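Shown next, in structure tokens, is the structure this report addresses.
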Amino acid sequence: MTLTQAAFRAELRAWFQANVDPARRLAFSAEDRRRTTAALFDAGFLHVTWPAAYGGRGLPPEYQTVFNEESVPFAWALTVSSVTVGICAATLLDWGSEDQKRRHLRRMLRGDEAWTQLLSEPGAGSDLAGITTRAVRDGDR
């Protein structure tokens with residue numbers, strides 16, 4: 001039987017109601033967010049469009065839209081993983097070896113590994129190796 005979007009939405013709402021107490025919002029720590037994110041992943045609700053082999057459910061993008069809509073009121077209870085998942089894990093999915101994918105993707109999606117991407121603009125402020133200076137004589141200076 002195929003999981004409908006309505007059924008997915010209902011299951012997700014029930015999960016949030018059972019696992020996230022809005023009264024604790026101000027007391028939620030980074031560790032609480034990490035645990036909630038991991039539990040949401042373990043329940044099969046996080047990153048549902050990703051391939052099942054790496055921890056997703058292989059569902060169509062519409063299911064991610066349902067997740068996005070339903071998770072808005074609970075965003076404070078989850079870790080932010082846009083760089084880890086949206087950039088680093090996506091790059092690993094496209095270009096990594098099978099061993100790298102098996103070793104890292106599930107942990108990245110679950111929130112156990114946080115990755116980042118550092119950028120440099122050649123000839124600009126963050127390109128420290130390319131810094132150049134010059135002096136211009138101004139009178140005796």
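Just remember, in the structure tokens the first chain shown is A, the second B, etc., residues are 1-based per chain, and ligands are 1-based in the order shown.
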Just the residues within 10 Å of segment 97-113 of chain A, please, counting only C-alpha atoms, with nothing from its chain fewer than 3 positions along; format it as a PyMOL selection string.
-> chain A and resi 33-42+46-47+50+52-56+78-81+84-86+88-90+92-94
Convert the current residue selection to file output with N, CA, C and O atoms, as a compact mmCIF listing (two decimals), in the first residue's frame.
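Saved as part34.txt:
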# COMPACT_ATOMS: atom_id res chain seq x y z
N ARG A 33 17.87 19.58 20.81
CA ARG A 33 17.60 19.69 19.37
C ARG A 33 18.24 18.54 18.61
O ARG A 33 17.64 17.98 17.70
N ARG A 34 19.46 18.19 18.98
CA ARG A 34 20.15 17.09 18.32
C ARG A 34 19.38 15.78 18.52
O ARG A 34 19.17 15.01 17.58
N ARG A 35 18.95 15.54 19.76
CA ARG A 35 18.20 14.30 20.05
C ARG A 35 16.87 14.26 19.33
O ARG A 35 16.47 13.22 18.80
N THR A 36 16.18 15.39 19.27
CA THR A 36 14.88 15.45 18.59
C THR A 36 15.07 15.22 17.09
O THR A 36 14.31 14.48 16.46
N THR A 37 16.09 15.82 16.52
CA THR A 37 16.38 15.64 15.10
C THR A 37 16.69 14.17 14.81
O THR A 37 16.16 13.60 13.84
N ALA A 38 17.51 13.55 15.63
CA ALA A 38 17.85 12.13 15.43
C ALA A 38 16.61 11.25 15.56
O ALA A 38 16.41 10.32 14.77
N ALA A 39 15.76 11.53 16.54
CA ALA A 39 14.54 10.74 16.74
C ALA A 39 13.59 10.91 15.56
O ALA A 39 12.95 9.93 15.12
N LEU A 40 13.49 12.11 15.03
CA LEU A 40 12.63 12.37 13.87
C LEU A 40 13.14 11.60 12.65
O LEU A 40 12.37 11.01 11.89
N PHE A 41 14.45 11.59 12.49
CA PHE A 41 15.06 10.81 11.40
C PHE A 41 14.79 9.33 11.61
O PHE A 41 14.38 8.62 10.68
N ASP A 42 15.03 8.83 12.82
CA ASP A 42 14.82 7.41 13.12
C ASP A 42 13.37 6.98 12.89
O ASP A 42 13.11 5.83 12.52
N LEU A 46 12.43 12.52 8.44
CA LEU A 46 13.40 13.54 8.06
C LEU A 46 14.11 13.14 6.76
O LEU A 46 14.55 12.00 6.62
N HIS A 47 14.20 14.08 5.82
CA HIS A 47 14.89 13.86 4.54
C HIS A 47 14.26 12.71 3.76
O HIS A 47 14.94 11.84 3.25
N TRP A 50 15.31 11.50 0.13
CA TRP A 50 16.62 10.89 -0.09
C TRP A 50 16.45 9.39 -0.34
O TRP A 50 15.49 8.78 0.14
N ALA A 52 16.44 5.50 -0.01
CA ALA A 52 16.29 4.64 1.17
C ALA A 52 17.62 4.02 1.58
O ALA A 52 17.87 3.81 2.76
N ALA A 53 18.49 3.75 0.63
CA ALA A 53 19.78 3.13 0.93
C ALA A 53 20.63 3.98 1.87
O ALA A 53 21.51 3.47 2.55
N TYR A 54 20.34 5.29 1.91
CA TYR A 54 21.14 6.19 2.74
C TYR A 54 20.33 6.82 3.86
O TYR A 54 20.76 7.80 4.47
N GLY A 55 19.16 6.29 4.15
CA GLY A 55 18.40 6.75 5.30
C GLY A 55 17.13 7.51 4.97
O GLY A 55 16.35 7.81 5.87
N GLY A 56 16.91 7.85 3.72
CA GLY A 56 15.67 8.52 3.34
C GLY A 56 14.58 7.48 3.09
O GLY A 56 14.70 6.32 3.45
N LEU A 78 14.56 21.55 16.29
CA LEU A 78 15.40 20.77 15.39
C LEU A 78 16.71 21.48 15.11
O LEU A 78 16.79 22.70 15.18
N THR A 79 17.73 20.72 14.76
CA THR A 79 19.00 21.32 14.38
C THR A 79 18.90 21.83 12.95
O THR A 79 18.17 21.27 12.13
N VAL A 80 19.62 22.88 12.66
CA VAL A 80 19.67 23.42 11.30
C VAL A 80 20.76 22.65 10.56
O VAL A 80 21.89 22.58 11.02
N SER A 81 20.38 22.07 9.43
CA SER A 81 21.35 21.26 8.70
C SER A 81 21.42 21.63 7.23
O SER A 81 21.79 20.81 6.40
N THR A 84 25.04 21.17 5.94
CA THR A 84 25.42 19.76 6.01
C THR A 84 24.66 18.92 5.00
O THR A 84 25.25 18.17 4.23
N VAL A 85 23.35 19.05 4.97
CA VAL A 85 22.53 18.21 4.10
C VAL A 85 22.40 18.80 2.71
O VAL A 85 22.61 18.12 1.71
N GLY A 86 22.07 20.09 2.64
CA GLY A 86 21.78 20.70 1.35
C GLY A 86 22.97 20.86 0.44
O GLY A 86 22.83 20.84 -0.78
N CYS A 88 26.74 19.71 1.51
CA CYS A 88 27.78 18.68 1.68
C CYS A 88 27.27 17.27 1.40
O CYS A 88 27.89 16.51 0.64
N ALA A 89 26.15 16.89 2.02
CA ALA A 89 25.62 15.54 1.79
C ALA A 89 25.16 15.38 0.35
O ALA A 89 25.37 14.32 -0.26
N ALA A 90 24.56 16.43 -0.21
CA ALA A 90 24.12 16.35 -1.61
C ALA A 90 25.32 16.15 -2.54
O ALA A 90 25.24 15.37 -3.50
N LEU A 92 28.19 14.77 -1.68
CA LEU A 92 28.66 13.41 -1.42
C LEU A 92 27.78 12.38 -2.13
O LEU A 92 28.28 11.41 -2.69
N LEU A 93 26.47 12.61 -2.14
CA LEU A 93 25.56 11.70 -2.83
C LEU A 93 25.87 11.65 -4.32
O LEU A 93 25.88 10.58 -4.92
N ASP A 94 26.17 12.81 -4.92
CA ASP A 94 26.45 12.86 -6.35
C ASP A 94 27.86 12.39 -6.72
O ASP A 94 28.05 11.76 -7.76
Picked from segment 32-134 of chain A by DSSP as helix (DSSP H, G or I), as a ChimeraX atom specification = /A:32-42,52-54,61-77,82-95,98-110,128-130
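For the choices A:Tyr63, A:Asn68, A:Phe74, A:Leu118, the atom-to-atom distance to Arg25 of chain A is smallest for A:Phe74 when using only C-alpha atoms.
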List the neighbours of segment 2-12 of chain A out to 12 Å using only C-alpha atoms; skip same-chain residues closer than 4 positions along the sequence, and give me the result as an MDAnalysis selection string.
-> chainID A and resid 16:20 40:41 43:46 48 57:71 74
Could you write out that same residue set with N, CA and C atoms as a compact mmCIF listing (two decimals), in the first residue's frame?
# COMPACT_ATOMS: atom_id res chain seq x y z
N PHE A 16 5.06 14.80 16.09
CA PHE A 16 5.42 16.05 16.75
C PHE A 16 4.64 16.23 18.05
N GLN A 17 3.35 15.95 18.03
CA GLN A 17 2.55 16.09 19.25
C GLN A 17 3.03 15.17 20.36
N ALA A 18 3.45 13.98 20.02
CA ALA A 18 3.90 13.01 21.02
C ALA A 18 5.33 13.24 21.50
N ASN A 19 6.14 13.92 20.69
CA ASN A 19 7.57 13.99 21.00
C ASN A 19 8.14 15.38 21.27
N VAL A 20 7.39 16.43 20.97
CA VAL A 20 7.90 17.78 21.18
C VAL A 20 6.90 18.57 22.00
N LEU A 40 13.49 12.11 15.03
CA LEU A 40 12.63 12.37 13.87
C LEU A 40 13.14 11.60 12.65
N PHE A 41 14.45 11.59 12.49
CA PHE A 41 15.06 10.81 11.40
C PHE A 41 14.79 9.33 11.61
N ALA A 43 12.44 7.91 13.07
CA ALA A 43 11.02 7.62 12.85
C ALA A 43 10.65 7.65 11.36
N GLY A 44 11.59 8.06 10.51
CA GLY A 44 11.36 8.05 9.08
C GLY A 44 10.73 9.30 8.51
N PHE A 45 10.83 10.41 9.23
CA PHE A 45 10.19 11.64 8.77
C PHE A 45 11.15 12.69 8.24
N LEU A 46 12.43 12.52 8.44
CA LEU A 46 13.40 13.54 8.06
C LEU A 46 14.11 13.14 6.76
N VAL A 48 12.95 12.74 3.66
CA VAL A 48 12.18 11.63 3.09
C VAL A 48 12.40 11.44 1.60
N ARG A 57 13.52 7.93 2.45
CA ARG A 57 12.43 7.01 2.11
C ARG A 57 12.16 6.95 0.61
N GLY A 58 12.91 7.71 -0.15
CA GLY A 58 12.74 7.71 -1.59
C GLY A 58 11.39 8.23 -2.05
N LEU A 59 10.77 9.10 -1.26
CA LEU A 59 9.45 9.63 -1.59
C LEU A 59 9.58 10.83 -2.55
N PRO A 60 8.51 11.14 -3.28
CA PRO A 60 8.55 12.29 -4.19
C PRO A 60 8.66 13.62 -3.42
N PRO A 61 9.07 14.68 -4.12
CA PRO A 61 9.26 15.99 -3.48
C PRO A 61 8.04 16.53 -2.75
N GLU A 62 6.85 16.15 -3.16
CA GLU A 62 5.64 16.64 -2.50
C GLU A 62 5.62 16.27 -1.02
N TYR A 63 6.24 15.16 -0.67
CA TYR A 63 6.28 14.73 0.73
C TYR A 63 7.22 15.62 1.53
N GLN A 64 8.28 16.11 0.89
CA GLN A 64 9.16 17.06 1.56
C GLN A 64 8.41 18.36 1.82
N THR A 65 7.56 18.74 0.90
CA THR A 65 6.72 19.93 1.08
C THR A 65 5.80 19.75 2.29
N VAL A 66 5.21 18.57 2.42
CA VAL A 66 4.36 18.29 3.58
C VAL A 66 5.19 18.41 4.85
N PHE A 67 6.39 17.82 4.86
CA PHE A 67 7.25 17.93 6.04
C PHE A 67 7.54 19.40 6.34
N ASN A 68 7.90 20.16 5.33
CA ASN A 68 8.23 21.58 5.54
C ASN A 68 7.07 22.32 6.17
N GLU A 69 5.87 22.08 5.67
CA GLU A 69 4.69 22.76 6.20
C GLU A 69 4.41 22.37 7.65
N GLU A 70 4.50 21.10 7.95
CA GLU A 70 4.16 20.61 9.29
C GLU A 70 5.24 20.90 10.33
N SER A 71 6.48 21.06 9.90
CA SER A 71 7.57 21.26 10.86
C SER A 71 7.79 22.72 11.23
N PHE A 74 7.63 23.72 14.76
CA PHE A 74 8.58 22.99 15.62
C PHE A 74 10.04 23.21 15.19
Of the candidates A:Arg24, A:Trp76, A:Pro51, A:Ser82, which shows the shortest atom-to-atom distance to Trp115 of chain A, using only C-alpha atoms?
-> A:Ser82
